[in-house]
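One file, model.txt, is given below (compact mmCIF, C-alpha atoms).
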# COMPACT_ATOMS: atom_id res chain seq x y z
CA MET A 1 133.47 138.37 107.45
CA SER A 2 135.54 136.30 105.09
CA ALA A 3 133.58 133.99 102.84
CA ASN A 4 135.29 130.86 104.04
CA THR A 5 134.62 130.89 107.77
CA LEU A 6 133.04 127.82 109.34
CA THR A 7 129.81 129.80 109.76
CA GLU A 8 129.61 130.71 106.08
CA ARG A 9 130.30 127.12 105.09
CA TYR A 10 127.62 125.92 107.51
CA VAL A 11 125.04 128.46 106.32
CA HIS A 12 125.77 127.53 102.73
CA GLU A 13 125.25 123.84 103.48
CA VAL A 14 121.85 124.62 104.99
CA VAL A 15 120.47 127.12 102.51
CA ARG A 16 121.38 125.18 99.39
CA ARG A 17 118.93 122.50 100.62
CA VAL A 18 115.93 124.79 101.14
CA PRO A 19 113.62 126.25 98.44
CA ALA A 20 115.35 129.01 96.47
CA ASP A 21 112.91 131.76 97.44
CA GLN A 22 113.67 131.28 101.15
CA ARG A 23 117.44 131.00 100.91
CA ALA A 24 118.40 134.63 101.50
CA GLU A 25 116.06 135.05 104.45
CA ILE A 26 117.01 131.79 106.18
CA GLY A 27 120.68 132.53 105.56
CA ASP A 28 120.45 135.98 107.17
CA GLU A 29 118.53 134.59 110.11
CA LEU A 30 121.04 131.79 110.64
CA ARG A 31 124.00 134.15 110.47
CA ALA A 32 122.37 136.47 113.01
CA THR A 33 121.52 133.68 115.48
CA ILE A 34 124.95 132.08 115.17
CA ALA A 35 126.59 135.47 115.79
CA ASP A 36 124.28 135.99 118.78
CA ALA A 37 125.19 132.59 120.18
CA LEU A 38 128.91 133.30 119.71
CA GLU A 39 128.57 136.59 121.55
CA GLY A 40 126.18 135.40 124.24
CA ARG A 41 127.99 132.26 125.20
CA GLY A 42 131.53 133.31 124.55
CA ALA A 43 131.98 129.88 123.04
CA ASP A 44 133.99 129.20 119.94
CA GLU A 45 132.48 128.88 116.46
CA ARG A 46 133.07 125.14 116.34
CA ALA A 47 131.08 124.45 119.53
CA VAL A 48 128.17 126.68 118.46
CA LEU A 49 127.91 125.02 115.06
CA ALA A 50 128.22 121.56 116.60
CA GLU A 51 125.24 122.42 118.76
CA MET A 52 123.22 123.48 115.71
CA GLY A 53 123.83 119.98 114.39
CA ASP A 54 123.88 118.39 110.96
CA PRO A 55 123.05 120.95 108.25
CA ILE A 56 121.04 118.35 106.31
CA ARG A 57 118.76 117.81 109.30
CA LEU A 58 118.39 121.52 109.96
CA ALA A 59 117.60 122.21 106.30
CA ALA A 60 114.97 119.45 106.34
CA ARG A 61 113.34 121.12 109.34
CA TYR A 62 113.36 124.50 107.63
CA ALA A 63 111.95 123.08 104.42
CA ASP A 64 109.53 120.83 106.33
CA ARG A 65 110.72 117.83 104.40
CA PRO A 66 110.91 114.13 105.38
CA LEU A 67 114.30 112.69 106.24
CA SER A 68 113.41 109.30 104.82
CA LEU A 69 113.18 108.06 101.24
CA VAL A 70 110.12 105.91 101.87
CA GLY A 71 108.10 106.72 104.97
CA PRO A 72 106.11 104.40 107.24
CA GLU A 73 102.85 104.83 105.27
CA LEU A 74 104.31 103.67 101.97
CA TYR A 75 106.78 101.18 103.40
CA PRO A 76 104.49 98.09 103.41
CA ALA A 77 103.48 98.58 99.76
CA TYR A 78 107.13 99.18 98.85
CA VAL A 79 108.33 96.01 100.53
CA ARG A 80 105.48 93.97 99.07
CA LEU A 81 106.24 95.16 95.54
CA LEU A 82 109.97 94.43 95.89
CA THR A 83 109.17 90.99 97.29
CA VAL A 84 106.92 90.15 94.35
CA LEU A 85 109.39 91.48 91.80
CA LEU A 86 112.49 89.85 93.29
CA SER A 87 110.99 86.53 94.35
CA THR A 88 108.80 85.72 91.35
CA VAL A 89 109.58 87.94 88.37
CA LEU A 90 113.35 88.05 88.72
CA PRO A 91 113.89 84.25 88.76
CA LEU A 92 111.61 84.00 85.72
CA VAL A 93 113.65 86.57 83.83
CA ALA A 94 116.88 84.82 84.79
CA VAL A 95 115.59 81.44 83.62
CA LEU A 96 114.33 83.04 80.42
CA ALA A 97 117.72 84.65 79.79
CA ALA A 98 119.44 81.30 80.34
CA ALA A 99 116.97 79.56 78.01
CA LEU A 100 117.54 82.20 75.32
CA ALA A 101 121.30 81.69 75.64
CA VAL A 102 120.79 77.97 75.01
CA LEU A 103 118.50 78.69 72.04
CA ASP A 104 121.22 80.98 70.78
CA GLY A 105 123.50 77.95 70.58
CA GLY A 106 125.36 78.55 73.82
CA ASP A 107 126.59 75.80 76.15
CA ALA A 108 125.81 75.37 79.83
CA GLY A 109 128.47 77.93 80.79
CA ALA A 110 126.97 80.57 78.53
CA ALA A 111 123.49 79.78 79.85
CA ILE A 112 124.60 80.19 83.48
CA GLY A 113 126.53 83.31 82.53
CA SER A 114 123.59 85.11 80.95
CA GLY A 115 121.25 83.84 83.68
CA VAL A 116 123.47 85.34 86.40
CA GLY A 117 123.98 88.46 84.30
CA ALA A 118 120.23 88.96 84.00
CA LEU A 119 119.84 88.26 87.71
CA ILE A 120 122.25 91.07 88.60
CA THR A 121 121.34 93.72 86.03
CA VAL A 122 117.58 93.18 86.01
CA GLY A 123 117.59 92.73 89.80
CA ALA A 124 119.38 96.07 90.27
CA GLN A 125 116.84 97.77 87.98
CA MET A 126 113.96 96.16 89.85
CA ILE A 127 115.23 97.64 93.11
CA ALA A 128 116.26 101.00 91.71
CA TRP A 129 113.15 102.09 89.79
CA PRO A 130 110.49 101.29 92.39
CA THR A 131 112.69 103.07 94.97
CA VAL A 132 112.89 106.20 92.81
CA VAL A 133 109.13 106.22 92.19
CA PHE A 134 108.24 105.58 95.85
CA ALA A 135 110.63 108.30 97.02
CA LEU A 136 108.99 110.81 94.66
CA VAL A 137 105.52 109.79 95.81
CA GLU A 138 106.67 110.10 99.43
CA ARG A 139 107.87 113.65 98.85
CA SER A 140 104.65 114.80 97.22
CA ARG A 141 102.52 113.05 99.85
CA TYR A 142 104.51 114.62 102.69
CA ARG A 143 103.73 118.06 101.32
CA ASP A 144 100.05 117.19 100.89
CA ARG A 145 99.82 115.77 104.39
CA VAL A 146 100.47 119.14 106.03
CA VAL A 147 97.43 120.46 104.20
CA ARG A 148 95.37 117.32 104.60
CA ASP A 149 95.84 117.19 108.37
CA ALA A 150 93.63 120.24 108.60
CA GLY A 151 90.75 118.37 106.93
CA SER A 152 88.66 115.87 108.79
CA TRP A 153 88.75 112.14 108.22
CA THR A 154 85.63 110.03 108.20
CA PRO A 155 85.31 106.25 107.96
CA ASP A 156 84.04 106.84 104.41
CA ASP A 157 87.64 107.62 103.50
CA LEU A 158 88.61 104.01 104.21
CA PRO A 159 89.63 102.21 101.02
CA PRO A 160 87.68 99.02 100.31
CA LEU A 161 89.33 95.90 101.65
CA ARG A 162 88.30 93.36 99.05
CA ASN A 163 90.68 92.43 96.24
CA ARG A 164 93.12 95.16 97.17
CA ASP A 165 96.13 92.88 97.25
CA GLU A 166 95.00 91.03 94.16
CA ARG A 167 94.95 94.30 92.26
CA ALA A 168 98.39 95.26 93.53
CA VAL A 169 99.72 91.92 92.35
CA GLY A 170 98.00 92.53 89.00
CA ALA A 171 99.71 95.89 88.70
CA ALA A 172 103.05 94.36 89.66
CA ALA A 173 102.55 91.67 87.00
CA SER A 174 101.78 94.38 84.45
CA VAL A 175 104.99 96.22 85.38
CA ALA A 176 106.91 92.97 85.00
CA TRP A 177 105.26 92.28 81.62
CA ASN A 178 106.12 95.75 80.30
CA ILE A 179 109.73 95.41 81.47
CA LEU A 180 109.95 91.95 79.92
CA LEU A 181 108.64 93.31 76.62
CA LEU A 182 111.14 96.15 76.83
CA GLY A 183 113.92 93.67 77.56
CA LEU A 184 112.94 91.42 74.63
CA ILE A 185 112.87 94.33 72.19
CA VAL A 186 116.29 95.54 73.30
CA TRP A 187 117.64 91.98 73.42
CA GLN A 188 116.60 91.10 69.87
CA HIS A 189 118.25 94.33 68.72
CA VAL A 190 121.53 93.71 70.57
CA ALA A 191 121.79 89.94 70.24
CA THR A 192 120.49 89.68 66.63
CA PRO A 193 119.24 86.10 67.18
CA LEU A 194 118.32 85.30 63.57
CA GLU A 195 120.59 84.13 60.80
CA HIS A 196 119.67 85.07 57.28
CA ALA A 197 121.71 84.97 54.09
CA GLY A 198 124.89 84.38 56.05
CA ARG A 199 124.55 87.28 58.51
CA GLU A 200 122.84 87.87 61.83
CA ALA A 201 119.55 89.72 61.84
CA GLU A 202 116.91 91.04 64.18
CA VAL A 203 113.33 89.86 64.53
CA LEU A 204 111.90 93.37 64.27
CA ASP A 205 112.65 95.66 61.38
CA ALA A 206 116.02 97.31 61.95
CA GLY A 207 114.68 100.54 60.46
CA LEU A 208 112.48 100.98 63.52
CA TRP A 209 115.55 102.01 65.53
CA SER A 210 115.85 105.20 63.54
CA GLY A 211 112.25 106.11 64.23
CA TRP A 212 109.13 104.51 65.60
CA ILE A 213 110.66 102.19 68.20
CA TRP A 214 111.53 105.14 70.48
CA PRO A 215 108.00 106.35 71.27
CA ILE A 216 106.99 102.69 71.72
CA LEU A 217 109.81 102.11 74.24
CA ALA A 218 109.12 105.44 75.96
CA GLY A 219 105.46 104.46 76.21
CA LEU A 220 106.38 101.15 77.84
CA VAL A 221 108.62 102.92 80.35
CA ALA A 222 105.88 105.46 81.11
CA LEU A 223 103.26 102.73 81.53
CA SER A 224 105.56 100.90 83.97
CA ALA A 225 106.20 104.08 85.94
CA ILE A 226 102.45 104.79 86.17
CA GLU A 227 101.76 101.26 87.41
CA LEU A 228 104.47 101.69 90.05
CA VAL A 229 102.86 104.92 91.22
CA ARG A 230 99.52 103.14 91.29
CA ILE A 231 101.00 100.48 93.60
CA ALA A 232 102.51 103.17 95.82
CA VAL A 233 99.27 105.15 96.20
CA ARG A 234 97.16 101.96 96.43
CA GLY A 235 94.63 102.59 93.70
CA TRP A 236 93.89 104.46 90.50
CA THR A 237 93.22 108.17 90.59
CA VAL A 238 91.77 110.26 87.79
CA ARG A 239 95.11 111.99 87.35
CA LEU A 240 96.89 108.65 86.98
CA ALA A 241 94.24 107.55 84.48
CA VAL A 242 94.86 110.68 82.44
CA TRP A 243 98.58 109.94 82.44
CA THR A 244 97.75 106.42 81.32
CA VAL A 245 95.96 107.86 78.28
CA ALA A 246 99.12 109.73 77.30
CA ALA A 247 101.38 106.72 77.89
CA GLU A 248 99.06 104.32 76.06
CA ALA A 249 98.87 106.74 73.13
CA LEU A 250 102.66 106.97 73.08
CA PHE A 251 102.92 103.19 73.06
CA ALA A 252 99.94 101.96 71.05
CA LEU A 253 99.57 104.53 68.24
CA PRO A 254 103.11 104.14 66.82
CA LEU A 255 102.91 100.37 67.28
CA ALA A 256 99.58 100.16 65.45
CA TRP A 257 100.90 102.46 62.72
CA VAL A 258 104.04 100.36 62.21
CA LEU A 259 101.93 97.19 62.08
CA TYR A 260 99.49 98.78 59.66
CA ARG A 261 102.34 99.88 57.39
CA GLU A 262 103.70 96.31 57.57
CA ALA A 263 107.06 97.72 58.68
CA PHE A 264 107.17 95.64 61.85
CA PHE A 265 109.22 92.51 61.15
CA ASP A 266 112.68 92.28 59.68
CA PRO A 267 112.87 90.75 56.17
CA ALA A 268 115.08 88.04 57.70
CA PHE A 269 112.26 87.04 60.02
CA LEU A 270 109.70 87.11 57.19
CA ALA A 271 111.95 84.83 55.17
CA GLU A 272 111.55 82.17 57.84
CA VAL A 273 108.02 82.80 59.06
CA LYS A 274 105.04 83.18 56.83
CA VAL A 275 102.76 85.97 58.03
CA LEU A 276 99.09 85.52 57.18
CA ASP A 277 97.33 88.13 55.04
CA GLY A 278 95.06 89.69 57.60
CA PHE A 279 97.66 89.55 60.38
CA TYR A 280 98.81 93.17 60.31
CA THR A 281 95.36 94.76 60.19
CA VAL A 282 93.97 92.46 62.87
CA THR A 283 97.00 92.96 65.16
CA ALA A 284 97.01 96.73 64.69
CA LEU A 285 93.31 96.90 65.56
CA GLY A 286 93.93 94.49 68.42
CA VAL A 287 96.65 96.71 69.89
CA LEU A 288 94.35 99.72 69.73
CA ALA A 289 91.44 97.80 71.24
CA VAL A 290 93.54 96.47 74.13
CA SER A 291 94.92 99.93 74.87
CA ALA A 292 91.51 101.58 74.71
CA ASN A 293 90.10 98.93 77.00
CA ARG A 294 92.94 99.43 79.45
CA VAL A 295 92.38 103.19 79.55
CA LEU A 296 88.66 102.62 80.11
CA GLN A 297 89.40 100.24 82.99
CA ARG A 298 91.74 102.75 84.61
CA PHE A 299 89.08 105.46 84.54
CA ARG A 300 86.48 103.08 85.88
CA ALA A 301 88.84 102.06 88.72
CA ALA A 302 89.61 105.72 89.44
CA ARG A 303 85.91 106.58 89.71
CA GLY A 304 85.08 103.40 91.39
CA MET B 1 117.71 100.95 126.32
CA SER B 2 118.46 101.61 129.97
CA SER B 3 115.74 103.01 132.21
CA GLU B 4 117.43 106.45 132.28
CA GLU B 5 117.44 106.60 128.51
CA LEU B 6 113.84 105.48 128.47
CA ILE B 7 112.86 108.23 130.90
CA LEU B 8 114.83 110.78 128.90
CA SER B 9 113.07 109.93 125.65
CA GLN B 10 109.64 109.97 127.32
CA VAL B 11 110.41 113.35 128.90
CA GLN B 12 111.30 114.63 125.45
CA GLU B 13 107.94 113.39 124.14
CA LEU B 14 106.17 115.15 127.01
CA ARG B 15 107.96 118.42 126.42
CA ARG B 16 107.62 118.46 122.65
CA GLY B 17 104.25 120.18 122.52
CA THR B 18 105.04 122.70 125.22
CA VAL B 19 107.54 124.69 123.15
CA VAL B 20 104.87 126.15 120.87
CA LEU B 21 102.78 127.35 123.81
CA ALA B 22 105.85 128.75 125.56
CA CYS B 23 106.80 130.68 122.42
CA LEU B 24 103.30 132.08 122.02
CA ALA B 25 103.36 133.13 125.68
CA LEU B 26 106.79 134.76 125.57
CA LEU B 27 106.41 136.51 122.25
CA ARG B 28 103.81 138.98 123.45
CA GLU B 29 106.92 141.17 123.52
CA PRO B 30 108.96 141.15 120.27
CA GLN B 31 112.03 139.00 120.64
CA TYR B 32 114.78 137.63 118.39
CA GLY B 33 115.61 133.95 118.05
CA TYR B 34 118.67 133.59 120.25
CA ALA B 35 117.28 135.72 123.11
CA LEU B 36 114.09 133.68 123.02
CA LEU B 37 116.14 130.48 123.21
CA GLU B 38 117.98 131.75 126.27
CA THR B 39 114.76 132.91 127.95
CA LEU B 40 113.13 129.53 127.30
CA ASN B 41 116.12 127.61 128.64
CA ASP B 42 116.32 129.85 131.72
CA ALA B 43 112.63 129.19 132.32
CA GLY B 44 113.28 125.44 132.24
CA ILE B 45 111.80 124.83 128.77
CA VAL B 46 114.77 123.05 127.25
CA VAL B 47 114.84 123.39 123.47
CA GLU B 48 117.66 123.41 120.95
CA GLY B 49 118.28 126.09 118.38
CA ASN B 50 117.98 123.67 115.50
CA THR B 51 114.42 122.92 116.66
CA LEU B 52 113.39 126.42 117.74
CA TYR B 53 114.46 128.46 114.70
CA PRO B 54 112.66 126.33 112.08
CA LEU B 55 109.65 126.23 114.46
CA LEU B 56 109.50 130.04 114.59
CA ARG B 57 109.44 130.19 110.79
CA ARG B 58 106.71 127.57 110.64
CA LEU B 59 104.56 129.43 113.18
CA GLU B 60 105.06 132.57 111.12
CA LYS B 61 103.97 130.74 107.97
CA GLN B 62 100.88 129.54 109.83
CA GLY B 63 100.05 133.13 110.73
CA LEU B 64 100.54 132.75 114.48
CA LEU B 65 103.64 134.96 114.54
CA VAL B 66 104.72 138.04 112.63
CA SER B 67 108.32 139.09 112.14
CA GLU B 68 110.30 142.19 111.41
CA TRP B 69 113.97 142.83 110.80
CA ASN B 70 115.46 145.28 113.25
CA THR B 71 118.49 147.04 111.77
CA GLU B 72 119.00 149.64 114.48
CA GLU B 73 121.44 147.56 116.52
CA SER B 74 124.97 146.57 115.58
CA ARG B 75 123.66 143.46 113.85
CA PRO B 76 120.39 143.08 111.95
CA ARG B 77 118.10 140.72 113.86
CA LYS B 78 114.74 139.23 113.04
CA PHE B 79 112.21 139.94 115.78
CA TYR B 80 109.17 137.72 116.17
CA ARG B 81 105.92 138.73 117.84
CA VAL B 82 102.54 137.04 118.32
CA SER B 83 99.84 138.00 115.81
CA ASP B 84 96.17 138.54 116.70
CA GLU B 85 95.45 135.03 115.48
CA GLY B 86 98.37 133.78 117.58
CA SER B 87 96.87 135.45 120.68
CA ARG B 88 93.57 133.65 120.12
CA VAL B 89 95.37 130.33 119.67
CA ARG B 90 97.44 130.99 122.78
CA ALA B 91 94.33 131.63 124.91
CA GLU B 92 92.82 128.39 123.69
CA LEU B 93 96.04 126.46 124.32
CA VAL B 94 96.39 127.89 127.82
CA ARG B 95 92.87 126.68 128.60
CA GLU B 96 93.75 123.24 127.26
CA TRP B 97 96.92 123.24 129.30
CA ASP B 98 95.09 124.07 132.53
CA ASP B 99 92.54 121.32 131.89
CA LEU B 100 95.32 118.87 131.15
CA ALA B 101 97.29 119.85 134.24
CA ALA B 102 94.17 119.46 136.42
CA SER B 103 93.38 116.05 134.90
CA MET B 104 96.94 114.89 135.31
CA ALA B 105 97.07 116.07 138.89
CA ARG B 106 93.95 114.02 139.66
CA LEU B 107 95.21 110.96 137.81
CA THR B 108 98.65 110.92 139.37
CA LYS B 109 97.64 111.89 142.92
CA GLU B 110 97.71 108.35 144.21
CA SER B 111 100.75 107.13 142.33
CA ARG B 112 103.09 109.76 143.76
Can you dump the structure from the file as structure tokens?
Amino acid sequence: MSANTLTERYVHEVVRRVPADQRAEIGDELRATIADALEGRGADERAVLAEMGDPIRLAARYADRPLSLVGPELYPAYVRLLTVLLSTVLPLVAVLAAALAVLDGGDAGAAIGSGVGALITVGAQMIAWPTVVFALVERSRYRDRVVRDAGSWTPDDLPPLRNRDERAVGAAASVAWNILLLGLIVWQHVATPLEHAGREAEVLDAGLWSGWIWPILAGLVALSAIELVRIAVRGWTVRLAVWTVAAEALFALPLAWVLYREAFFDPAFLAEVKVLDGFYTVTALGVLAVSANRVLQRFRAARG
Amino acid sequence: MSSEELILSQVQELRRGTVVLACLALLREPQYGYALLETLNDAGIVVEGNTLYPLLRRLEKQGLLVSEWNTEESRPRKFYRVSDEGSRVRAELVREWDDLAASMARLTKESR
């Protein structure tokens, strides 16, 4: 059989979508049944394959995989999160971007321009990242569900009703805050809003970009992702809390270290703003305390 | 949705669960996928290949069927057969089916 028959193309389209260890077996089985159908019905290849239907659907059935990105169980939480992000956080970010453009010395046109720009780019991110996270959660849940169906459900499994939505809003706010922080850090690096000694400068020390800023940014991204997962699964689990420890460590330890070393602000910023003596030590300790407290809360919520 | 379409989709819902039982009943004798499909369709259990073949694999994974490749014929074919566990499940399902049929007969006697 030549490698480029319709059947071979069809089989290839199916097996490349199933787990690697099952490919050979499913491929052989498909080839055999298609050949049987060709022989038994005397029909042509095209009709037989058309009857087998879309290879993506068939592969999903073989792999026992959902055909939807976000299934019915997660859909309400997904929509609620997008609504909060797009209706409250996004306008805030846009207004903030416009205000910053004005502070930067821009006119009304520039303000509207950066406001609309923020609306589009930040809005796209706000849709994209929750979708990715929810789709991943959906996949892992779908696999679990096959196992879980065997177990019995009791009313004790019902999650508590009180404050549930409040907490989800809190988590959404925390995602928004992390993203805002991320945006401000990147913005002050790109836009260099300060002017010092005749040239533009950043607020934070430029040297950070060849070192400590990266784990801090990665930590912020990780913290946001964990909060998104928390919204999707409707509550903290011990595993999520453990991940929070890692993300908080990634974020807070470098930040505290940079503050402690007094390598946080750019000299241009320090030339304009006087930083009090105890500031660095107090802030470094504060960062650590806030992070530790947050980790503790997560574990308590996971147990709770 | 017209009333024919509505009936068609409800009939599909009704038939969905019957395919598993029909497979467990027919596969007392080893059989390969396509032949089983034909037998089912001839018996009035309408099922499509793209539903049946993944179902057979799933039942095998669940331990209700066992399979073996037969290479004696012109083409290698995978033959499925009910396992001991599958036989037990089949007996239980047949009992359920009889109960259900009896209940349904009682319930629908007057509305026919």
Of the candidates A:Glu13, A:Glu45, A:Asp64, A:Glu262, which shows the shortest atom-to-atom distance to Thr51 (chain B), using only C-alpha atoms?
A:Asp64
Per residue of chain A within 6 Å of chain B, what are the shortest atom pair and its distance in Å to one decimal, counting all atoms listed in the file, with rows by chain and residue number, as JSON lines?
{"residue": "A:Thr33", "atom": "CA", "partner": "B:Tyr34", "partner_atom": "CA", "distance": 5.6}
{"residue": "A:Met52", "atom": "CA", "partner": "B:Asn50", "partner_atom": "CA", "distance": 5.2}
{"residue": "A:Leu58", "atom": "CA", "partner": "B:Asn50", "partner_atom": "CA", "distance": 6.0}
{"residue": "A:Arg61", "atom": "CA", "partner": "B:Pro54", "partner_atom": "CA", "distance": 5.9}
{"residue": "A:Tyr62", "atom": "CA", "partner": "B:Pro54", "partner_atom": "CA", "distance": 4.9}
Name the residues in contact with Thr18 (chain B) at a cut-off of 10 Å, using all atoms listed in the file, excluding same-chain residues fewer than 4 positions from it; report them as a PyMOL selection string.
chain B and resi 13-14+22-23+45-47+93+97
Shell around Leu82 (chain A) at 9 Å using only C-alpha atoms, local window under 3 positions removed, as a ChimeraX atom specification
/A:77-79,85-87,126-127,130
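The two atoms in question, CA of Trp257 (chain A) and CA of Tyr280 (chain A), are spaced 9.8 Å apart.
Residue nearest Gly53 (chain A), chosen from A:Ile112, A:Ala222, A:Val11, A:Leu100 and counting all atoms listed in the file: A:Val11.
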Separation of CA of Asp104 (chain A) from CA of Asp205 (chain A) in Å
19.4 Å
List every protein, DNA or RNA residue that has at least one atom no more than 9 Å from (94.0, 108.6, 87.1) in the file's coordinates, counting all atoms listed in the file, and write the result as a list of chain:residue names.
A:Arg230, A:Gly235, A:Trp236, A:Thr237, A:Val238, A:Arg239, A:Leu240, A:Ala241, A:Val242, A:Trp243, A:Thr244, A:Arg298, A:Phe299, A:Ala301, A:Ala302, A:Arg303
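Shortest atom-to-atom contact with Ile34 (chain A) among A:Val18, A:Leu6, A:Ala225, A:Leu296: A:Leu6, counting all atoms listed in the file.
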For Val229 (chain A), find every residue with an atom within 8 Å (counting only C-alpha atoms), except residues of its own chain fewer than 6 positions away, and show them as a PyMOL selection string.
chain A and resi 133-134+137
